[in-house]
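Content type compact mmCIF, C-alpha atoms and all ligand atoms, from the file model_3.txt:
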```
# COMPACT_ATOMS: atom_id res chain seq x y z
CA MET R 1 0.00 0.00 0.00
CA ALA R 2 2.79 2.23 1.16
CA GLY R 3 4.62 1.48 -2.11
CA ASN R 4 1.54 2.42 -4.10
CA ARG R 5 1.18 5.64 -2.21
CA SER R 6 4.71 6.73 -2.87
CA LEU R 7 4.26 5.80 -6.55
CA ARG R 8 1.13 7.94 -6.77
CA LYS R 9 3.00 10.80 -5.06
CA ARG R 10 5.83 10.50 -7.55
CA ASN R 11 3.42 10.36 -10.46
CA TYR R 12 1.63 13.37 -9.11
CA ARG R 13 4.90 15.23 -8.71
CA MET R 14 6.00 14.24 -12.15
CA LYS R 15 2.68 15.40 -13.56
CA ASN R 16 2.95 18.69 -11.77
CA ILE R 17 6.52 19.15 -12.91
CA GLY R 18 5.37 18.37 -16.49
CA VAL R 19 2.54 20.88 -16.23
CA ALA R 20 4.83 23.48 -14.71
CA THR R 21 7.46 22.84 -17.38
CA SER R 22 4.84 23.02 -20.14
CA VAL R 23 3.50 26.25 -18.74
CA PHE R 24 7.01 27.56 -18.46
CA PHE R 25 7.96 26.57 -22.03
CA TYR R 26 4.64 27.61 -23.39
CA GLY R 27 5.22 31.10 -21.95
CA TYR R 28 8.66 31.24 -23.50
CA LEU R 29 7.52 29.85 -26.79
CA ARG R 30 4.80 32.46 -26.94
CA LYS R 31 7.37 35.13 -26.27
CA ILE R 32 9.72 33.69 -28.88
CA PHE R 33 6.88 33.43 -31.39
CA PHE R 34 5.87 36.93 -30.53
CA ILE R 35 9.41 38.23 -31.09
CA PHE R 36 9.76 36.32 -34.38
CA GLY R 37 6.35 37.53 -35.41
CA TRP R 38 7.29 41.09 -34.60
CA LEU R 39 10.58 40.75 -36.48
CA TYR R 40 8.83 39.17 -39.44
CA ASP R 41 6.31 42.02 -39.50
CA ARG R 42 9.08 44.63 -39.37
CA MET R 43 11.01 42.89 -42.13
CA ASN R 44 7.92 42.74 -44.26
CA GLU R 45 7.14 46.33 -43.53
CA SER R 46 10.64 47.53 -44.56
CA SER R 47 10.73 45.44 -47.72
CA LEU R 48 7.30 46.80 -48.59
CA GLU R 49 8.60 50.30 -48.06
CA GLU R 50 11.63 49.46 -50.15
CA GLN R 51 9.49 47.94 -52.83
CA THR R 52 7.15 50.93 -52.93
CA GLY R 53 10.16 53.26 -53.01
CA MET R 54 11.72 51.31 -55.87
CA ILE R 55 8.48 51.34 -57.88
CA HIS R 56 8.28 55.09 -57.39
CA GLU R 57 11.91 55.54 -58.42
CA VAL R 58 11.46 53.41 -61.55
CA ASP R 59 8.31 55.39 -62.47
CA ILE R 60 10.21 58.68 -62.23
CA SER R 61 13.04 57.29 -64.35
CA LEU R 62 10.64 55.90 -66.94
CA GLU R 63 8.89 59.26 -67.27
CA ARG R 64 12.23 61.00 -67.64
CA ILE R 65 13.58 58.53 -70.17
CA LYS R 66 10.36 58.84 -72.20
CA LYS R 67 10.72 62.63 -72.25
CA TYR R 68 14.33 62.54 -73.45
CA GLU R 69 13.60 59.74 -75.92
CA LYS R 70 11.13 62.11 -77.57
CA ILE R 71 13.64 64.97 -77.61
CA MET R 72 16.27 62.65 -79.06
CA HIS R 73 13.87 61.47 -81.75
CA ASP R 74 12.94 65.10 -82.63
CA VAL R 75 16.61 66.10 -82.82
CA GLU R 76 17.35 63.12 -85.09
CA GLN R 77 14.48 64.11 -87.38
CA MET R 78 15.57 67.75 -87.50
CA LEU R 79 19.16 66.78 -88.25
CA GLU R 80 17.93 64.67 -91.17
CA ASN R 81 16.13 67.66 -92.70
CA TYR R 82 18.28 70.43 -91.32
CA SER R 83 17.65 74.02 -92.33
CA LYS R 84 18.67 77.31 -90.76
CA ASP R 85 15.13 78.17 -89.60
CA LYS R 86 15.08 75.02 -87.47
CA ALA R 87 18.45 75.82 -85.97
CA LEU R 88 17.17 77.64 -82.88
CA ALA R 89 14.68 74.94 -81.85
CA LEU R 90 17.36 72.36 -82.47
CA GLN R 91 19.86 74.28 -80.38
CA GLU R 92 17.46 74.39 -77.39
CA GLN R 93 16.59 70.70 -77.61
CA VAL R 94 20.19 69.65 -77.99
CA ALA R 95 21.09 71.75 -74.94
CA GLU R 96 18.38 69.92 -72.95
CA LEU R 97 19.64 66.56 -74.12
CA GLU R 98 23.22 67.49 -73.35
CA ALA R 99 22.26 68.67 -69.82
CA TYR R 100 20.51 65.32 -69.18
CA TYR R 101 23.42 63.30 -70.57
CA THR R 102 25.88 65.01 -68.22
CA SER R 103 23.58 64.96 -65.15
CA ASP R 104 23.35 62.64 -62.13
CA GLU R 105 19.84 61.79 -63.28
CA TRP R 106 21.24 60.16 -66.42
CA LYS R 107 23.73 58.19 -64.30
CA HIS R 108 20.90 57.08 -62.02
CA ASP R 109 18.66 56.00 -64.92
CA TYR R 110 21.58 54.22 -66.55
CA GLU R 111 22.38 52.32 -63.36
CA LEU R 112 18.75 51.34 -62.85
CA ASP R 113 18.77 49.94 -66.35
CA GLU R 114 22.07 48.15 -65.86
CA ALA R 115 20.68 46.55 -62.68
CA GLY R 116 17.76 45.22 -64.73
CA ASN R 117 15.12 47.35 -63.01
CA LEU R 118 13.64 48.85 -66.17
CA PRO R 119 11.26 47.07 -68.58
CA LYS R 120 13.06 45.10 -71.25
CA ASP R 121 10.92 46.32 -74.13
CA MET R 122 11.15 50.08 -73.47
CA LYS R 123 12.97 52.48 -75.88
CA ARG R 124 16.31 53.31 -74.28
CA GLY R 125 18.24 55.22 -76.99
CA VAL R 126 19.09 58.01 -74.56
CA LEU R 127 20.69 55.48 -72.22
CA SER R 128 23.08 54.27 -74.89
CA GLN R 129 26.33 56.14 -74.33
CA ASP R 130 27.34 55.76 -77.97
CA GLY R 131 23.89 56.70 -79.29
CA ILE R 132 23.58 60.01 -77.47
CA TYR R 133 27.28 60.89 -77.84
CA ASN R 134 27.22 60.27 -81.60
CA LEU R 135 24.07 62.35 -81.98
CA LEU R 136 25.62 65.30 -80.12
CA GLU R 137 28.80 64.96 -82.19
CA ARG R 138 26.79 64.91 -85.41
CA TYR R 139 24.96 68.04 -84.32
CA ASN R 140 28.22 69.82 -83.47
CA GLU R 141 29.69 68.91 -86.85
CA ILE R 142 26.62 70.20 -88.70
CA GLU R 143 26.58 73.37 -86.60
CA GLU R 144 30.26 73.93 -87.29
CA GLU R 145 29.60 73.42 -90.99
CA ARG R 146 26.56 75.67 -90.86
CA THR R 147 28.16 78.56 -88.99
CA MET R 148 28.57 81.25 -91.60
CA LYS R 149 32.14 82.36 -92.00
CA VAL R 150 33.78 85.39 -93.53
CA LEU R 151 37.44 85.68 -94.35
CA ILE R 152 38.92 89.19 -94.51
CA ILE R 153 42.21 89.75 -96.29
CA ASN R 154 43.80 92.98 -95.15
CA GLY R 155 46.20 94.17 -97.82
CA SER R 156 47.79 96.97 -95.81
CA PRO R 157 51.46 96.75 -94.86
CA ARG R 158 50.79 99.00 -91.85
CA VAL R 159 49.77 97.19 -88.67
CA ASP R 160 46.89 99.10 -87.05
CA GLY R 161 46.67 101.42 -90.02
CA ASN R 162 43.53 102.93 -91.55
CA THR R 163 42.62 99.77 -93.44
CA THR R 164 42.56 97.99 -90.08
CA VAL R 165 40.22 100.68 -88.71
CA ALA R 166 37.80 100.02 -91.59
CA VAL R 167 38.12 96.25 -91.23
CA ASN R 168 37.56 96.33 -87.46
CA GLU R 169 34.30 98.20 -87.95
CA MET R 170 33.13 95.35 -90.17
CA VAL R 171 34.36 92.67 -87.76
CA LYS R 172 32.20 94.07 -84.94
CA THR R 173 29.13 94.06 -87.16
CA PHE R 174 29.76 90.53 -88.45
CA GLU R 175 30.04 89.30 -84.87
CA ASP R 176 26.78 91.02 -83.95
CA GLU R 177 25.23 89.22 -86.91
CA GLY R 178 26.46 85.84 -85.62
CA ILE R 179 28.98 85.43 -88.42
CA GLU R 180 32.36 83.93 -87.63
CA VAL R 181 35.11 86.13 -88.98
CA GLU R 182 38.84 85.76 -89.46
CA VAL R 183 41.20 88.53 -90.54
CA VAL R 184 44.53 87.79 -92.18
CA GLN R 185 46.85 90.72 -92.80
CA ILE R 186 49.06 90.01 -95.78
CA GLY R 187 50.31 93.49 -96.81
CA ASN R 188 53.26 93.11 -94.42
CA LYS R 189 54.21 89.60 -95.68
CA ASP R 190 56.70 88.53 -98.28
CA VAL R 191 54.40 87.50 -101.13
CA ARG R 192 55.72 87.24 -104.65
CA GLY R 193 53.66 87.38 -107.84
CA CYS R 194 52.44 84.52 -110.07
CA ILE R 195 55.09 83.09 -112.44
CA ALA R 196 52.59 81.25 -114.68
CA CYS R 197 54.33 77.89 -114.13
CA GLY R 198 51.02 76.00 -114.16
CA THR R 199 52.11 73.76 -111.27
CA CYS R 200 48.84 74.56 -109.49
CA TYR R 201 46.96 72.73 -112.28
CA LYS R 202 48.71 69.51 -111.31
CA LYS R 203 49.14 69.99 -107.57
CA GLY R 204 46.01 71.99 -106.77
CA LYS R 205 48.08 74.54 -104.88
CA CYS R 206 50.64 77.23 -105.59
CA VAL R 207 54.25 76.22 -106.15
CA PHE R 208 55.32 78.90 -103.64
CA ASP R 209 54.31 77.50 -100.28
CA ASP R 210 53.59 80.71 -98.38
CA VAL R 211 50.61 82.56 -96.93
CA VAL R 212 48.68 82.05 -100.19
CA ASN R 213 48.50 78.29 -99.57
CA GLU R 214 47.45 79.02 -95.99
CA LEU R 215 44.65 81.27 -97.19
CA ALA R 216 43.34 78.72 -99.71
CA PRO R 217 41.58 76.35 -97.23
CA LYS R 218 40.26 79.32 -95.26
CA PHE R 219 38.78 80.78 -98.42
CA GLU R 220 37.27 77.41 -99.34
CA ALA R 221 35.61 77.09 -95.93
CA SER R 222 34.22 80.62 -95.97
CA ASP R 223 30.84 81.88 -97.17
CA GLY R 224 32.18 85.35 -97.89
CA LEU R 225 35.45 87.08 -98.67
CA VAL R 226 36.31 90.70 -97.95
CA VAL R 227 39.37 92.15 -99.61
CA ALA R 228 40.56 95.43 -98.10
CA SER R 229 43.34 97.57 -99.48
CA PRO R 230 45.00 100.94 -99.04
CA VAL R 231 45.12 102.90 -102.30
CA TYR R 232 48.60 103.17 -103.84
CA TYR R 233 48.78 105.25 -107.04
CA ALA R 234 45.08 104.83 -107.68
CA SER R 235 45.47 101.08 -107.46
CA ALA R 236 45.51 98.32 -104.82
CA ASN R 237 48.61 97.53 -102.78
CA ALA R 238 50.99 95.41 -104.91
CA THR R 239 51.49 92.68 -102.30
CA LEU R 240 47.73 92.23 -102.13
CA ILE R 241 47.47 91.92 -105.89
CA ALA R 242 50.29 89.34 -105.95
CA CYS R 243 48.44 87.42 -103.27
CA LEU R 244 45.02 87.59 -104.94
CA ASP R 245 46.35 86.60 -108.40
CA ARG R 246 47.93 83.47 -106.95
CA LEU R 247 45.06 82.68 -104.56
CA PHE R 248 42.35 82.86 -107.20
CA TYR R 249 44.45 81.18 -109.90
CA SER R 250 45.77 78.27 -107.82
CA THR R 251 42.52 77.28 -106.08
CA HIS R 252 40.07 75.18 -108.07
CA PHE R 253 37.21 74.75 -105.58
CA ASP R 254 33.83 76.10 -106.53
CA LYS R 255 33.51 79.75 -105.51
CA THR R 256 29.97 80.15 -106.84
CA MET R 257 27.75 82.10 -104.42
CA LYS R 258 30.48 82.90 -101.93
CA VAL R 259 29.79 86.58 -101.32
CA GLY R 260 32.56 89.06 -102.07
CA ALA R 261 33.12 92.64 -100.93
CA SER R 262 35.99 95.02 -101.40
CA VAL R 263 37.04 97.91 -99.19
CA VAL R 264 39.37 100.72 -100.17
CA VAL R 265 41.18 103.23 -97.98
CA ALA R 266 43.00 106.37 -99.13
CA ARG R 267 43.97 109.90 -98.27
CA ARG R 268 42.08 111.45 -101.17
CA GLY R 269 41.91 109.91 -104.66
CA GLY R 270 41.93 106.67 -106.66
CA LEU R 271 39.36 104.94 -104.47
CA SER R 272 36.74 103.95 -107.01
CA ALA R 273 39.39 102.75 -109.51
CA THR R 274 40.82 100.48 -106.81
CA PHE R 275 37.31 99.39 -105.84
CA ASP R 276 36.66 98.29 -109.42
CA GLU R 277 40.00 96.52 -109.63
CA LEU R 278 39.28 94.40 -106.53
CA ASN R 279 35.68 93.59 -107.43
CA LYS R 280 36.86 91.92 -110.62
CA TYR R 281 38.32 88.99 -108.65
CA PHE R 282 34.78 88.17 -107.57
CA THR R 283 32.88 88.63 -110.78
CA ILE R 284 35.13 86.27 -112.74
CA CYS R 285 34.14 83.29 -110.59
CA GLY R 286 30.44 83.40 -109.76
CA MET R 287 30.76 85.41 -106.57
CA PRO R 288 27.95 87.93 -105.98
CA ILE R 289 29.12 91.26 -104.58
CA ALA R 290 27.72 92.85 -101.42
CA SER R 291 27.29 96.58 -101.50
CA SER R 292 26.69 99.35 -98.99
CA GLN R 293 24.97 102.74 -99.10
CA TYR R 294 27.93 104.38 -100.84
CA TRP R 295 31.25 103.27 -102.41
CA ASN R 296 33.04 101.09 -99.87
CA SER R 297 35.70 103.70 -99.15
CA VAL R 298 37.19 105.17 -96.01
CA HIS R 299 39.42 108.25 -95.80
CA GLY R 300 42.59 108.87 -93.80
CA ARG R 301 46.27 109.39 -94.24
CA GLU R 302 48.17 108.98 -90.95
CA LYS R 303 47.52 105.86 -88.93
CA GLY R 304 44.17 106.03 -87.13
CA GLU R 305 42.83 109.08 -88.98
CA ALA R 306 40.11 106.90 -90.48
CA LYS R 307 38.45 106.80 -87.06
CA GLN R 308 37.28 110.35 -87.75
CA ASP R 309 35.57 109.38 -91.00
CA ALA R 310 32.06 108.88 -89.61
CA GLU R 311 30.48 108.33 -93.02
CA GLY R 312 33.21 105.87 -94.06
CA LEU R 313 32.74 103.81 -90.88
CA GLN R 314 28.98 103.82 -91.27
CA THR R 315 29.47 102.58 -94.81
CA MET R 316 31.55 99.70 -93.38
CA ARG R 317 28.84 98.74 -90.85
CA VAL R 318 26.11 98.80 -93.48
CA LEU R 319 28.31 96.79 -95.83
CA ALA R 320 28.91 94.09 -93.20
CA ARG R 321 25.18 93.99 -92.36
CA ASN R 322 24.18 93.70 -96.02
CA MET R 323 26.82 91.07 -96.62
CA SER R 324 25.59 89.05 -93.62
CA PHE R 325 22.06 89.19 -94.95
CA LEU R 326 23.19 88.06 -98.38
CA ILE R 327 25.26 85.20 -96.96
CA LYS R 328 22.36 83.97 -94.80
CA SER R 329 19.86 84.32 -97.64
CA ILE R 330 22.11 82.42 -100.01
CA ALA R 331 22.45 79.66 -97.41
CA LEU R 332 18.65 79.37 -97.26
CA GLY R 333 18.43 79.51 -101.03
CA LYS R 334 21.06 76.77 -101.36
CA ASP R 335 19.04 74.59 -98.95
CA LYS R 336 15.89 75.13 -100.96
CA TYR R 337 17.09 75.27 -104.57
CA GLY R 338 20.69 74.10 -104.54
CA LEU R 339 23.43 75.91 -106.43
CA PRO R 340 22.68 77.01 -110.03
CA GLN R 341 23.12 74.29 -112.62
CA LYS R 342 26.66 74.12 -114.03
CA GLU R 343 27.58 73.84 -117.69
CA GLU R 344 30.61 72.13 -119.11
CA ARG R 345 33.17 74.86 -119.54
CA GLN R 346 33.83 76.23 -123.04
CA ALA R 347 37.35 77.58 -123.02
CA THR R 348 38.06 79.67 -126.08
CA HIS R 349 40.35 82.60 -126.81
CA PHE R 350 40.71 85.06 -129.65
CA ILE R 351 42.69 82.76 -131.98
CA ARG R 352 40.31 79.81 -132.13
C1 LIG R 401 53.08 104.29 -102.07
C2 LIG R 401 51.84 104.99 -101.64
C3 LIG R 401 50.95 105.44 -102.60
C4 LIG R 401 49.79 106.10 -102.22
N1 LIG R 401 48.89 106.50 -103.18
C5 LIG R 401 47.78 107.14 -102.84
C6 LIG R 401 46.81 107.52 -103.82
O1 LIG R 401 46.95 107.27 -105.01
N2 LIG R 401 45.72 108.21 -103.41
C7 LIG R 401 45.51 108.52 -102.09
O2 LIG R 401 44.51 109.15 -101.80
N3 LIG R 401 46.37 108.10 -101.12
C8 LIG R 401 47.48 107.41 -101.45
N4 LIG R 401 48.35 106.99 -100.47
C9 LIG R 401 47.99 107.18 -99.05
C10 LIG R 401 47.37 105.94 -98.42
O3 LIG R 401 46.36 105.40 -99.25
C11 LIG R 401 46.77 106.31 -97.06
O4 LIG R 401 47.78 106.73 -96.20
C12 LIG R 401 46.05 105.16 -96.40
O5 LIG R 401 45.46 105.65 -95.21
C13 LIG R 401 46.99 104.02 -96.05
O6 LIG R 401 46.27 102.98 -95.42
P1 LIG R 401 46.94 102.15 -94.23
O7 LIG R 401 47.04 103.04 -93.05
O8 LIG R 401 46.04 100.99 -93.99
O9 LIG R 401 48.25 101.67 -94.73
C14 LIG R 401 49.52 106.33 -100.84
C15 LIG R 401 50.41 105.88 -99.88
C16 LIG R 401 51.56 105.22 -100.28
C17 LIG R 401 52.53 104.73 -99.21
```
Take the structure in this file and express it as structure tokens.
Amino acid sequence: MAGNRSLRKRNYRMKNIGVATSVFFYGYLRKIFFIFGWLYDRMNESSLEEQTGMIHEVDISLERIKKYEKIMHDVEQMLENYSKDKALALQEQVAELEAYYTSDEWKHDYELDEAGNLPKDMKRGVLSQDGIYNLLERYNEIEEERTMKVLIINGSPRVDGNTTVAVNEMVKTFEDEGIEVEVVQIGNKDVRGCIACGTCYKKGKCVFDDVVNELAPKFEASDGLVVASPVYYASANATLIACLDRLFYSTHFDKTMKVGASVVVARRGGLSATFDELNKYFTICGMPIASSQYWNSVHGREKGEAKQDAEGLQTMRVLARNMSFLIKSIALGKDKYGLPQKEERQATHFIR
């Protein structure tokens, strides 16, 4: 009996210990579950936040990429059918594209794409480094080609003389008109005359490799040529004439519709004779001549005196303005109609 009693007691104790242990573990388990549950909720919450944030970020990028894709497409179209009247719109859109390409936003969009966060089938031309770079390069090349240029040959041997005063007045006006201008003074250089050797027919350049051969590519790239000279014995400066003979004779590129203008500077007389002499270089090769409100002449004897010739300087400004207009109009005309049709040259002289 006694044995049974102690067995019951033990069983009872064991049962109680089991219950107590269960209660104890149950409490802990609940706590552990609670903690895991809480952690799980937090993790889910943060990944949800992250996910929502990412979706938002991708949406912003997609909108942005779409906007610049459109700009890029428009720029491509305009470059295909480029004309001067579209130049301004093109300039603004290219500037926008360029600003995006060099911004942190572009880097961000590019990285999102690289990480595979953007839709596979979307248009992503603006995210292609080569694509956007090549487009901007093409634009810059066309712009460079399309910038109107004037070359001025100053035939005076005197640096900062009166011819320079007249030329400078024109330079300012050309710049105001958005025309790129380069002045080369040749009157103070050692330039010999043409020797009629005919080498230029074979070589395409003058046998004497001096400033004339340097002027040739500048002349070819220009839309207009101004020739300015002091008057010497009712004629142009001899160095200038040597230079022009060789320049015009040795260059065989098409000069048609490059605009010419001549400027003459003297103390008193021989201006219009010199003016006529210089204009003849233009009219022998299809170059239209720009004119002003009076003969293109400026008066002065000692260096700088020409600054006092108000009418002469006004004539220079008007000449440069008229010449700019003519150059721009011819550019538009060339875009629309092309250059006049050429004929095969008939070369005859008085013997046959
Ligand atoms: C050799 C020589 C010939 C000249 N012949 C004339 C002339 O025929 N008529 C005239 O009005 N001035 C003549 N002049 C004066 C210059 O044309 C005048 O000084 C002009 O302002 C010079 O331009 P520059 O300062 O750009 O050299 C002559 C000057 C020189 C040195």
| request: Throw together the list of residues within 8 Å of ligand LIG 401 (chain R), counting only C-alpha atoms and all ligand atoms, and drop it here as an MDAnalysis selection string. | output: chainID R and resid 155:165 229:235 265:271 299:306
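The spacing separating CA of Glu145 (chain R) from CA of Gly204 (chain R) amounts to 22.8 Å.
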Pick out the residues sitting within 8 Å of Ala221 (chain R), and hand them over as a compact mmCIF listing (two decimals) with C-alpha atoms, keeping the file's coordinate frame; count all atoms listed in the file, and ignore anything fewer than 3 positions along from it in its own chain.
```
# COMPACT_ATOMS: atom_id res chain seq x y z
CA LYS R 149 32.14 82.36 -92.00
CA PRO R 217 41.58 76.35 -97.23
CA LYS R 218 40.26 79.32 -95.26
```
Which residues come within 10 Å of region 58-61 of chain R, counting all atoms listed in the file, excluding same-chain residues fewer than 3 positions away, as an mmCIF file with C-alpha atoms, in the frame of the given file?
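The result, stored in around_22.cif:
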```cif
data_model
loop_
_atom_site.group_PDB
_atom_site.id
_atom_site.type_symbol
_atom_site.label_atom_id
_atom_site.label_comp_id
_atom_site.auth_asym_id
_atom_site.auth_seq_id
_atom_site.Cartn_x
_atom_site.Cartn_y
_atom_site.Cartn_z
ATOM 1 C CA THR R 52 7.150 50.930 -52.930
ATOM 2 C CA GLY R 53 10.160 53.260 -53.010
ATOM 3 C CA MET R 54 11.720 51.310 -55.870
ATOM 4 C CA ILE R 55 8.480 51.340 -57.880
ATOM 5 C CA ARG R 64 12.230 61.000 -67.640
ATOM 6 C CA ILE R 65 13.580 58.530 -70.170
ATOM 7 C CA LYS R 66 10.360 58.840 -72.200
ATOM 8 C CA LYS R 67 10.720 62.630 -72.250
ATOM 9 C CA GLU R 105 19.840 61.790 -63.280
ATOM 10 C CA TRP R 106 21.240 60.160 -66.420
ATOM 11 C CA HIS R 108 20.900 57.080 -62.020
ATOM 12 C CA ASP R 109 18.660 56.000 -64.920
ATOM 13 C CA TYR R 110 21.580 54.220 -66.550
ATOM 14 C CA LEU R 112 18.750 51.340 -62.850
ATOM 15 C CA ASP R 113 18.770 49.940 -66.350
ATOM 16 C CA ASN R 117 15.120 47.350 -63.010
ATOM 17 C CA LEU R 118 13.640 48.850 -66.170
ATOM 18 C CA PRO R 119 11.260 47.070 -68.580
#
```
| Near region 243-253 of chain R, within 7 Å and counting all atoms listed in the file, which residues show up once chain neighbours fewer than 2 positions away are dropped, as a PyMOL selection string? | chain R and resi 191+193-194+200+204-206+212+216+220+239-241+255
| task | Skip Lys334 (chain R) itself and residues of its chain fewer than 3 positions away, then list as a PyMOL selection string all residues within 12 Å of it, counting only C-alpha atoms. | result | chain R and resi 83-84+146+223+256-258+326-331+337-341
Dump C-alpha atoms for the selected residues as a PDB file, in the coordinates of the input?
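Generated output (result-v5.pdb):
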```pdb
ATOM      1  CA  SER R  83      17.650  74.020 -92.330  1.00  0.00           C
ATOM      2  CA  LYS R  84      18.670  77.310 -90.760  1.00  0.00           C
ATOM      3  CA  ARG R 146      26.560  75.670 -90.860  1.00  0.00           C
ATOM      4  CA  ASP R 223      30.840  81.880 -97.170  1.00  0.00           C
ATOM      5  CA  THR R 256      29.970  80.150-106.840  1.00  0.00           C
ATOM      6  CA  MET R 257      27.750  82.100-104.420  1.00  0.00           C
ATOM      7  CA  LYS R 258      30.480  82.900-101.930  1.00  0.00           C
ATOM      8  CA  LEU R 326      23.190  88.060 -98.380  1.00  0.00           C
ATOM      9  CA  ILE R 327      25.260  85.200 -96.960  1.00  0.00           C
ATOM     10  CA  LYS R 328      22.360  83.970 -94.800  1.00  0.00           C
ATOM     11  CA  SER R 329      19.860  84.320 -97.640  1.00  0.00           C
ATOM     12  CA  ILE R 330      22.110  82.420-100.010  1.00  0.00           C
ATOM     13  CA  ALA R 331      22.450  79.660 -97.410  1.00  0.00           C
ATOM     14  CA  TYR R 337      17.090  75.270-104.570  1.00  0.00           C
ATOM     15  CA  GLY R 338      20.690  74.100-104.540  1.00  0.00           C
ATOM     16  CA  LEU R 339      23.430  75.910-106.430  1.00  0.00           C
ATOM     17  CA  PRO R 340      22.680  77.010-110.030  1.00  0.00           C
ATOM     18  CA  GLN R 341      23.120  74.290-112.620  1.00  0.00           C
TER      19      GLN R 341
END
```
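Between CA of Ile35 (chain R) and CA of Glu50 (chain R) there is a distance of 22.2 Å.
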| query | If you measure from CA of Cys285 (chain R) to CA of Val171 (chain R), what distance in Å do you get, rounded to one decimal? | reply | 24.7 Å
| said: Please list, as an NGL selection string, the residues that have an atom at most 12 Å away from (13.7, 73.4, -78.0) in the coordinates of this file, counting all atoms listed in the file. | reply: :R and (68 or 70-72 or 74-75 or 78 or 86-97)
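Using all atoms listed in the file, the smallest distance between any of R:Asp209, R:Glu63, R:Glu214, R:Asp104 and Val184 (chain R) comes from R:Glu214.
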| field | Minimum-distance residue to Met122 (chain R), chosen among R:Glu69, R:Glu76, R:Glu182, R:Glu311 (using only C-alpha atoms) | value | R:Glu69
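Checking R:Arg317, R:Lys31, R:His56, R:His73 one by one against Ser291 (chain R), counting all atoms listed in the file, you find the shortest gap at R:Arg317.
Between Val167 (chain R) and the candidates R:Ala290, R:Ala196, R:Val298, R:Ala115, the tightest atom-to-atom separation, counting all atoms listed in the file, involves R:Val298.
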| said: With distances taken over all atoms listed in the file, which residue among R:Lys189, R:Lys307, R:Lys342, R:Arg30 lies nearest Gly286 (chain R)? | reply: R:Lys342
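Closest approach to Lys123 (chain R) among R:Leu62, R:Ala236, R:Glu137, R:Val150 is made by R:Leu62 (distances from only C-alpha atoms).
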